[in-house]
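Listing of work-v7.txt, compact mmCIF, C-alpha atoms and all ligand atoms
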```
# COMPACT_ATOMS: atom_id res chain seq x y z
CA MET U 221 126.58 87.75 98.62
CA GLU U 222 125.23 91.26 99.09
CA ASN U 223 123.57 92.13 102.35
CA ALA U 224 119.80 91.85 102.00
CA GLY U 225 119.14 93.47 105.39
CA ILE U 226 116.41 96.10 105.19
CA ASP U 227 113.67 97.03 107.58
CA LEU U 228 110.42 95.43 106.41
CA PHE U 229 108.40 98.64 106.69
CA GLU U 230 111.12 100.58 104.88
CA ALA U 231 111.01 97.98 102.08
CA MET U 232 107.21 97.98 101.79
CA SER U 233 106.89 101.76 101.88
CA THR U 234 109.43 102.27 99.10
CA LEU U 235 108.49 99.34 96.86
CA SER U 236 107.67 101.33 93.75
CA SER U 237 107.85 99.93 90.25
CA VAL U 238 111.32 100.41 88.79
CA ARG U 239 111.15 100.49 85.01
CA ARG U 240 114.55 101.87 84.07
CA LEU U 241 116.96 98.98 84.53
CA ARG U 242 120.66 98.45 83.91
CA GLN U 243 121.72 95.46 81.86
CA ASP U 244 124.23 94.22 84.48
CA PRO U 245 123.66 90.54 85.29
CA ILE U 246 122.11 89.45 88.57
CA PRO U 247 124.37 87.04 90.46
CA ASP U 248 122.95 83.51 90.67
CA ASP U 249 123.03 83.47 94.46
CA VAL U 250 120.91 86.65 94.55
CA LEU U 251 118.53 85.15 92.01
CA ARG U 252 118.21 82.08 94.19
CA ARG U 253 117.50 84.20 97.29
CA ILE U 254 114.75 86.27 95.66
CA LEU U 255 113.09 83.23 94.09
CA THR U 256 113.29 81.39 97.40
CA ALA U 257 111.49 84.33 99.02
CA ALA U 258 108.76 83.95 96.38
CA THR U 259 108.29 80.32 97.39
CA TRP U 260 107.65 81.38 101.01
CA ALA U 261 104.30 82.87 100.01
CA PRO U 262 101.00 81.38 101.12
CA SER U 263 98.62 79.72 98.65
CA GLY U 264 95.14 78.21 99.01
CA GLY U 265 95.49 74.80 100.70
CA ASN U 266 99.26 75.33 100.57
CA ARG U 267 99.13 73.85 97.08
CA GLN U 268 102.07 75.99 95.88
CA GLY U 269 100.98 75.69 92.28
CA TRP U 270 103.63 78.04 90.98
CA ARG U 271 106.56 77.95 88.60
CA PHE U 272 109.00 80.77 88.00
CA MET U 273 110.44 80.79 84.51
CA VAL U 274 113.57 82.91 84.53
CA VAL U 275 114.05 84.10 80.99
CA LYS U 276 117.64 85.10 80.29
CA ASP U 277 118.07 84.10 76.65
CA PRO U 278 118.38 87.32 74.58
CA GLN U 279 116.30 86.02 71.66
CA THR U 280 113.50 84.83 73.93
CA LYS U 281 113.48 88.12 75.85
CA ARG U 282 113.33 90.04 72.58
CA ARG U 283 110.39 87.93 71.45
CA LEU U 284 108.63 88.74 74.74
CA ARG U 285 109.32 92.43 74.09
CA ASP U 286 107.86 92.14 70.58
CA LEU U 287 104.72 90.61 72.06
CA TYR U 288 104.52 93.10 74.95
CA LEU U 289 105.06 96.39 73.12
CA PRO U 290 101.80 96.38 71.08
CA HIS U 291 99.81 95.79 74.27
CA TRP U 292 101.48 98.75 75.96
CA THR U 293 100.94 100.93 72.89
CA ALA U 294 97.23 100.07 72.81
CA TYR U 295 96.92 100.75 76.54
CA GLU U 296 98.80 104.02 76.26
CA SER U 297 96.70 105.21 73.29
CA ALA U 298 93.53 104.52 75.24
CA HIS U 299 94.63 106.05 78.55
CA ARG U 300 97.30 108.71 78.04
CA PRO U 301 94.79 111.28 76.70
CA THR U 302 92.87 111.09 79.98
CA LEU U 303 95.92 112.41 81.87
CA ALA U 304 95.14 115.91 80.58
CA THR U 305 92.04 115.96 82.77
CA LEU U 306 93.99 115.31 85.98
CA PRO U 307 94.89 118.09 88.39
CA GLU U 308 98.51 118.80 89.22
CA PRO U 309 100.68 117.33 90.66
CA GLU U 310 98.86 114.08 89.79
CA ARG U 311 99.08 114.84 86.06
CA SER U 312 102.88 115.27 86.11
CA ARG U 313 103.32 112.19 88.24
CA MET U 314 101.18 110.04 85.95
CA THR U 315 102.86 111.47 82.85
CA ARG U 316 106.23 110.41 84.28
CA ASN U 317 104.76 106.95 84.97
CA TYR U 318 103.60 106.63 81.38
CA ASP U 319 107.00 107.76 80.12
CA THR U 320 108.80 105.14 82.18
CA ALA U 321 106.24 102.48 81.26
CA ARG U 322 106.91 103.19 77.59
CA HIS U 323 110.65 103.06 78.28
CA LEU U 324 110.16 99.61 79.82
CA ALA U 325 107.88 98.41 77.04
CA GLU U 326 110.49 99.29 74.43
CA ARG U 327 113.40 97.83 76.39
CA ILE U 328 111.97 95.06 78.55
CA HIS U 329 114.29 92.60 76.77
CA GLU U 330 117.31 94.51 78.07
CA ALA U 331 116.52 93.55 81.66
CA PRO U 332 118.94 90.80 82.68
CA VAL U 333 115.99 88.58 83.55
CA ILE U 334 112.27 88.48 83.00
CA VAL U 335 110.57 86.18 85.48
CA VAL U 336 107.43 84.68 84.01
CA VAL U 337 105.27 83.61 86.93
CA CYS U 338 103.05 80.65 86.08
CA VAL U 339 100.22 79.16 88.09
CA HIS U 340 98.73 75.66 87.97
CA LEU U 341 95.05 76.19 87.30
CA PRO U 342 93.80 72.94 88.92
CA ASP U 343 95.50 73.99 92.17
CA LEU U 344 93.63 77.28 92.50
CA ALA U 345 91.16 77.51 95.36
CA ILE U 346 88.61 79.71 93.60
CA THR U 347 86.01 80.07 96.33
CA ASP U 348 84.17 82.86 94.50
CA ALA U 349 83.95 81.07 91.14
CA LYS U 350 80.19 80.65 91.26
CA LEU U 351 79.31 84.24 92.15
CA ASP U 352 77.77 86.43 89.47
CA ARG U 353 80.82 88.68 89.14
CA PRO U 354 84.43 88.40 87.96
CA SER U 355 86.37 86.02 90.18
CA VAL U 356 89.22 87.51 92.22
CA VAL U 357 90.12 84.80 94.72
CA GLY U 358 92.13 82.56 92.39
CA GLY U 359 94.84 85.19 92.02
CA GLY U 360 95.30 85.06 95.79
CA SER U 361 97.20 81.82 95.34
CA ILE U 362 99.85 83.39 93.13
CA TYR U 363 100.16 87.15 93.66
CA PRO U 364 101.45 86.87 97.25
CA ALA U 365 104.40 84.99 95.71
CA VAL U 366 104.91 87.82 93.23
CA GLN U 367 104.83 90.37 96.05
CA ASN U 368 107.39 88.34 98.01
CA LEU U 369 109.57 88.32 94.90
CA LEU U 370 109.25 92.11 94.58
CA LEU U 371 110.03 92.69 98.24
CA ALA U 372 113.07 90.43 98.03
CA CYS U 373 114.23 92.38 94.97
CA ARG U 374 113.85 95.55 97.02
CA ALA U 375 115.98 94.06 99.77
CA PHE U 376 118.80 93.37 97.31
CA GLY U 377 118.55 96.78 95.66
CA LEU U 378 117.06 95.26 92.52
CA GLY U 379 114.37 97.11 90.61
CA ALA U 380 111.34 95.30 89.22
CA THR U 381 107.79 95.80 87.99
CA LEU U 382 104.80 93.52 88.21
CA THR U 383 103.44 93.49 84.66
CA THR U 384 100.40 91.67 83.30
CA LEU U 385 99.69 93.17 79.86
CA LEU U 386 101.42 90.22 78.22
CA CYS U 387 98.96 87.82 79.85
CA MET U 388 96.72 88.74 76.90
CA SER U 389 99.16 86.93 74.62
CA GLU U 390 99.30 83.81 76.75
CA PRO U 391 98.85 81.33 73.86
CA LYS U 392 101.90 82.75 72.06
CA VAL U 393 103.99 82.81 75.25
CA ARG U 394 102.87 79.27 76.05
CA GLU U 395 104.29 78.14 72.73
CA LEU U 396 107.48 80.20 73.09
CA LEU U 397 108.31 78.91 76.59
CA ALA U 398 106.77 75.41 76.27
CA ILE U 399 104.33 76.04 79.11
CA PRO U 400 101.95 73.08 79.58
CA GLY U 401 98.22 73.56 78.96
CA ASP U 402 97.01 73.54 82.55
CA TRP U 403 99.39 76.33 83.60
CA ALA U 404 98.52 80.01 83.16
CA THR U 405 100.77 83.05 83.06
CA ALA U 406 100.06 85.36 86.02
CA ALA U 407 102.82 87.97 85.75
CA TYR U 408 105.93 89.01 83.91
CA VAL U 409 108.50 90.61 86.16
CA PRO U 410 111.51 92.28 84.51
CA ILE U 411 114.26 92.56 87.13
CA GLY U 412 117.56 94.41 87.15
CA TYR U 413 119.64 96.95 89.01
CA PRO U 414 118.06 100.42 88.76
CA GLU U 415 119.48 102.90 86.28
CA GLY U 416 118.94 105.83 88.59
CA ARG U 417 117.61 106.30 92.09
CA GLY U 418 115.26 103.37 91.64
CA HIS U 419 112.87 102.83 94.49
CA GLY U 420 111.15 105.75 96.08
CA PRO U 421 108.22 107.02 98.06
CA LEU U 422 104.83 105.66 97.05
CA SER U 423 101.70 107.47 95.95
CA ARG U 424 98.84 105.79 97.80
CA LYS U 425 95.51 106.73 99.36
CA PRO U 426 95.80 107.45 103.07
CA VAL U 427 94.82 104.61 105.39
CA GLU U 428 92.02 106.78 106.85
CA LYS U 429 90.25 106.73 103.49
CA VAL U 430 90.30 102.97 102.98
CA THR U 431 89.60 101.48 106.39
CA PHE U 432 86.22 101.12 108.08
CA ARG U 433 84.96 100.11 111.49
CA ASP U 434 82.18 97.54 111.63
CA ARG U 435 80.15 99.04 108.77
CA TRP U 436 81.04 100.31 105.30
CA ASP U 437 81.85 104.04 105.36
CA THR U 438 82.24 104.28 109.13
CA PRO U 439 85.88 105.42 109.42
CA LEU U 440 88.13 103.33 111.62
CA PHE U 441 90.53 106.20 112.35
C1 LIG B 1 97.98 93.53 88.71
C2 LIG B 1 98.99 94.54 88.21
C3 LIG B 1 99.27 94.60 86.87
C4 LIG B 1 100.21 95.52 86.38
N1 LIG B 1 100.54 95.49 85.05
C5 LIG B 1 101.49 96.35 84.59
C6 LIG B 1 101.92 96.28 83.23
O1 LIG B 1 101.47 95.45 82.43
N2 LIG B 1 102.87 97.15 82.83
C7 LIG B 1 103.42 98.07 83.67
O2 LIG B 1 104.30 98.84 83.24
N3 LIG B 1 103.05 98.14 84.97
C8 LIG B 1 102.11 97.30 85.44
N4 LIG B 1 101.75 97.33 86.77
C9 LIG B 1 102.40 98.31 87.69
C10 LIG B 1 101.43 99.39 88.13
O3 LIG B 1 101.20 100.27 87.06
C11 LIG B 1 102.04 100.13 89.34
O4 LIG B 1 102.23 99.23 90.38
C12 LIG B 1 101.13 101.25 89.82
O5 LIG B 1 100.99 102.24 88.85
C13 LIG B 1 101.69 101.92 91.07
O6 LIG B 1 102.95 102.44 90.82
P1 LIG B 1 104.21 102.02 91.71
O7 LIG B 1 104.30 100.52 91.68
O8 LIG B 1 105.39 102.68 91.09
O9 LIG B 1 103.96 102.53 93.11
C14 LIG B 1 100.84 96.42 87.27
C15 LIG B 1 100.57 96.33 88.64
C16 LIG B 1 99.66 95.40 89.11
C17 LIG B 1 99.43 95.31 90.61
```
Mind converting the file's structure to structure tokens?
Amino acid sequence: MENAGIDLFEAMSTLSSVRRLRQDPIPDDVLRRILTAATWAPSGGNRQGWRFMVVKDPQTKRRLRDLYLPHWTAYESAHRPTLATLPEPERSRMTRNYDTARHLAERIHEAPVIVVVCVHLPDLAITDAKLDRPSVVGGGSIYPAVQNLLLACRAFGLGATLTTLLCMSEPKVRELLAIPGDWATAAYVPIGYPEGRGHGPLSRKPVEKVTFRDRWDTPLF
């Protein structure tokens, strides 16, 4: 078993998406450790309405790729042209992101595993369901598990990306993977050892810009 020891803040601050993956298999004991970490996440009422479908079968992965690629292509066609309006170095950084995202979209089936994260809809504690806006709370019972999975991957030197474009094709995936009707697909996480440097520094807004004291727009720091 590889050593998974890494400082938590080091792991969080370098947890970038890794979209260029080697095909080398992930040892079963490592797979078990990262999936166990996912199950340590909190969920509303501790209902733990999650299932992690580890797709390894080459044909099934290729079918997922065939379903995923058109979604990426549509997204890219709609958004890549807007990159031209960005100032440097943001434009170069985003262009690289789009390049790697296309790389992943074309080769997602080459990742040794794609973890399809499913959530049991009746178990969701959707406290904002009746508000006159899109609900966001339900996802809080599944995405912490995905983040734990990603952090555990980071600890083992595995690259991964949280992807959701394929959620648009849920009915087809449901059929492909025999997912029961009251379970939804929340994320597709291709995982593998990075082709290159892998994880790296993040591009995020500074904490001063996103934290307030007592009232909206009163800076905390
Ligand atoms: C809810 C969510 C959905 C995402 N869906 C996709 C996706 O479908 N495909 C993809 O390549 N990346 C996807 N991403 C990855 C984001 O593009 C990425 O996290 C973001 O650009 C920041 O880059 P970084 O993770 O490298 O720091 C998603 C991330 C989140 C949080």
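In this comparison, which uses only C-alpha atoms, the residue of U:His329, U:Arg353, U:Lys392, U:Lys429 approaching Arg282 of chain U most closely is U:His329.
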Nearest to Thr320 of chain U by atom-to-atom distance, counting all atoms listed in the file, from U:Thr381, U:Thr259, U:Ser361, U:Thr405:
U:Thr381
Residue with the minimum atom-to-atom distance to Pro262 of chain U, picked from U:Gly379, U:Pro364, U:Pro290, U:Pro354 with all atoms listed in the file counted, is U:Pro364
Within 9 Å of ligand LIG 1 (chain B), which residues show up when you count all atoms listed in the file? List them as JSON, numbers by chain, please.
{"U": [234, 235, 236, 237, 238, 239, 288, 291, 292, 314, 317, 318, 320, 321, 322, 324, 325, 363, 381, 382, 383, 384, 385, 386, 387, 406, 407, 408, 419, 420, 421, 422, 423, 424]}
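Checking U:Arg267, U:Arg242, U:Arg417, U:Lys425 one by one against Val339 of chain U, counting all atoms listed in the file, you find the shortest gap at U:Arg267.
Minimum atom-to-atom distance to Val336 of chain U, evaluated using only C-alpha atoms, belongs to U:Leu284 out of U:Ala261, U:Leu284, U:Val430, U:Ile226.
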Work out how far atom CA of Pro342 of chain U is from atom CA of Asp402 of chain U, in Å to one decimal.
7.2 Å
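Take atom CA of Thr293 of chain U and atom CA of Glu415 of chain U: the distance between them is 23.0 Å.
For the atom pair formed by atom CA of Asp277 of chain U and atom CA of Leu397 of chain U, the distance is 11.1 Å, given to one decimal.
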For a quick check of understanding, using all atoms listed in the file, which of U:Val427, U:Ala404, U:Met273, U:Leu351 has the smallest distance to Val335 of chain U?
U:Met273
List the neighbours of Gln243 of chain U out to 7 Å using all atoms listed in the file; skip same-chain residues closer than 3 positions along the sequence, and give me the result as an MDAnalysis selection string.
chainID U and resid 330:332 412
Okay, now the selection with C-alpha atoms, as a CSV table (one decimal), in the frame of the given file?
```
chain,number,residue,atom,x,y,z
U,330,GLU,CA,117.3,94.5,78.1
U,331,ALA,CA,116.5,93.6,81.7
U,332,PRO,CA,118.9,90.8,82.7
U,412,GLY,CA,117.6,94.4,87.2
```
Model the absent atoms of segment 328-339 of chain U so that all heavy atoms are present, and write the result as an mmCIF file, in the coordinates of the input.
```
data_model
loop_
_atom_site.group_PDB
_atom_site.id
_atom_site.type_symbol
_atom_site.label_atom_id
_atom_site.label_comp_id
_atom_site.auth_asym_id
_atom_site.auth_seq_id
_atom_site.Cartn_x
_atom_site.Cartn_y
_atom_site.Cartn_z
ATOM 1 N N ILE U 328 112.137 96.094 77.520
ATOM 2 C CA ILE U 328 111.970 95.060 78.550
ATOM 3 C C ILE U 328 112.970 93.909 78.340
ATOM 4 O O ILE U 328 113.441 93.287 79.285
ATOM 5 C CB ILE U 328 110.505 94.556 78.594
ATOM 6 C CG1 ILE U 328 110.239 93.724 79.846
ATOM 7 C CG2 ILE U 328 110.101 93.837 77.340
ATOM 8 C CD1 ILE U 328 108.759 93.442 80.109
ATOM 9 N N HIS U 329 113.358 93.708 77.076
ATOM 10 C CA HIS U 329 114.290 92.600 76.770
ATOM 11 C C HIS U 329 115.706 92.906 77.246
ATOM 12 O O HIS U 329 116.551 92.018 77.294
ATOM 13 C CB HIS U 329 114.309 92.351 75.264
ATOM 14 C CG HIS U 329 114.713 93.540 74.451
ATOM 15 N ND1 HIS U 329 113.965 94.692 74.411
ATOM 16 C CD2 HIS U 329 115.792 93.761 73.662
ATOM 17 C CE1 HIS U 329 114.553 95.564 73.617
ATOM 18 N NE2 HIS U 329 115.676 95.029 73.158
ATOM 19 N N GLU U 330 115.972 94.169 77.588
ATOM 20 C CA GLU U 330 117.310 94.510 78.070
ATOM 21 C C GLU U 330 117.489 94.221 79.557
ATOM 22 O O GLU U 330 118.599 94.246 80.082
ATOM 23 C CB GLU U 330 117.612 95.989 77.777
ATOM 24 C CG GLU U 330 117.726 96.264 76.280
ATOM 25 C CD GLU U 330 117.966 97.732 75.966
ATOM 26 O OE1 GLU U 330 118.098 98.536 76.913
ATOM 27 O OE2 GLU U 330 117.999 98.072 74.765
ATOM 28 N N ALA U 331 116.390 93.965 80.253
ATOM 29 C CA ALA U 331 116.520 93.550 81.660
ATOM 30 C C ALA U 331 117.292 92.234 81.692
ATOM 31 O O ALA U 331 117.080 91.380 80.825
ATOM 32 C CB ALA U 331 115.130 93.359 82.266
ATOM 33 N N PRO U 332 118.172 92.057 82.670
ATOM 34 C CA PRO U 332 118.940 90.800 82.680
ATOM 35 C C PRO U 332 118.061 89.560 82.805
ATOM 36 O O PRO U 332 118.393 88.519 82.253
ATOM 37 C CB PRO U 332 119.884 90.953 83.886
ATOM 38 C CG PRO U 332 119.385 92.134 84.657
ATOM 39 C CD PRO U 332 118.593 92.984 83.723
ATOM 40 N N VAL U 333 116.938 89.698 83.513
ATOM 41 C CA VAL U 333 115.990 88.580 83.550
ATOM 42 C C VAL U 333 114.561 89.091 83.492
ATOM 43 O O VAL U 333 114.253 90.191 83.956
ATOM 44 C CB VAL U 333 116.128 87.688 84.831
ATOM 45 C CG1 VAL U 333 117.534 87.165 85.007
ATOM 46 C CG2 VAL U 333 115.671 88.413 86.075
ATOM 47 N N ILE U 334 113.719 88.270 82.904
ATOM 48 C CA ILE U 334 112.270 88.480 83.000
ATOM 49 C C ILE U 334 111.724 87.200 83.645
ATOM 50 O O ILE U 334 111.894 86.102 83.098
ATOM 51 C CB ILE U 334 111.609 88.676 81.621
ATOM 52 C CG1 ILE U 334 112.226 89.870 80.884
ATOM 53 C CG2 ILE U 334 110.092 88.866 81.785
ATOM 54 C CD1 ILE U 334 111.750 90.032 79.433
ATOM 55 N N VAL U 335 111.140 87.356 84.817
ATOM 56 C CA VAL U 335 110.570 86.180 85.480
ATOM 57 C C VAL U 335 109.107 86.062 85.061
ATOM 58 O O VAL U 335 108.297 86.954 85.310
ATOM 59 C CB VAL U 335 110.684 86.287 87.016
ATOM 60 C CG1 VAL U 335 110.034 85.070 87.676
ATOM 61 C CG2 VAL U 335 112.151 86.387 87.442
ATOM 62 N N VAL U 336 108.807 84.955 84.408
ATOM 63 C CA VAL U 336 107.430 84.680 84.010
ATOM 64 C C VAL U 336 106.831 83.776 85.090
ATOM 65 O O VAL U 336 107.269 82.651 85.283
ATOM 66 C CB VAL U 336 107.369 83.996 82.625
ATOM 67 C CG1 VAL U 336 105.924 83.750 82.209
ATOM 68 C CG2 VAL U 336 108.091 84.844 81.579
ATOM 69 N N VAL U 337 105.865 84.343 85.802
ATOM 70 C CA VAL U 337 105.270 83.610 86.930
ATOM 71 C C VAL U 337 104.061 82.835 86.413
ATOM 72 O O VAL U 337 103.123 83.421 85.869
ATOM 73 C CB VAL U 337 104.850 84.580 88.050
ATOM 74 C CG1 VAL U 337 104.281 83.796 89.235
ATOM 75 C CG2 VAL U 337 106.030 85.442 88.493
ATOM 76 N N CYS U 338 104.127 81.520 86.577
ATOM 77 C CA CYS U 338 103.050 80.650 86.080
ATOM 78 C C CYS U 338 102.309 80.015 87.259
ATOM 79 O O CYS U 338 102.896 79.787 88.317
ATOM 80 C CB CYS U 338 103.621 79.542 85.204
ATOM 81 S SG CYS U 338 104.487 80.184 83.750
ATOM 82 N N VAL U 339 101.033 79.745 87.027
ATOM 83 C CA VAL U 339 100.220 79.160 88.090
ATOM 84 C C VAL U 339 99.467 77.949 87.538
ATOM 85 O O VAL U 339 98.988 77.969 86.396
ATOM 86 C CB VAL U 339 99.272 80.222 88.697
ATOM 87 C CG1 VAL U 339 98.303 80.771 87.663
ATOM 88 C CG2 VAL U 339 98.529 79.691 89.897
#
```
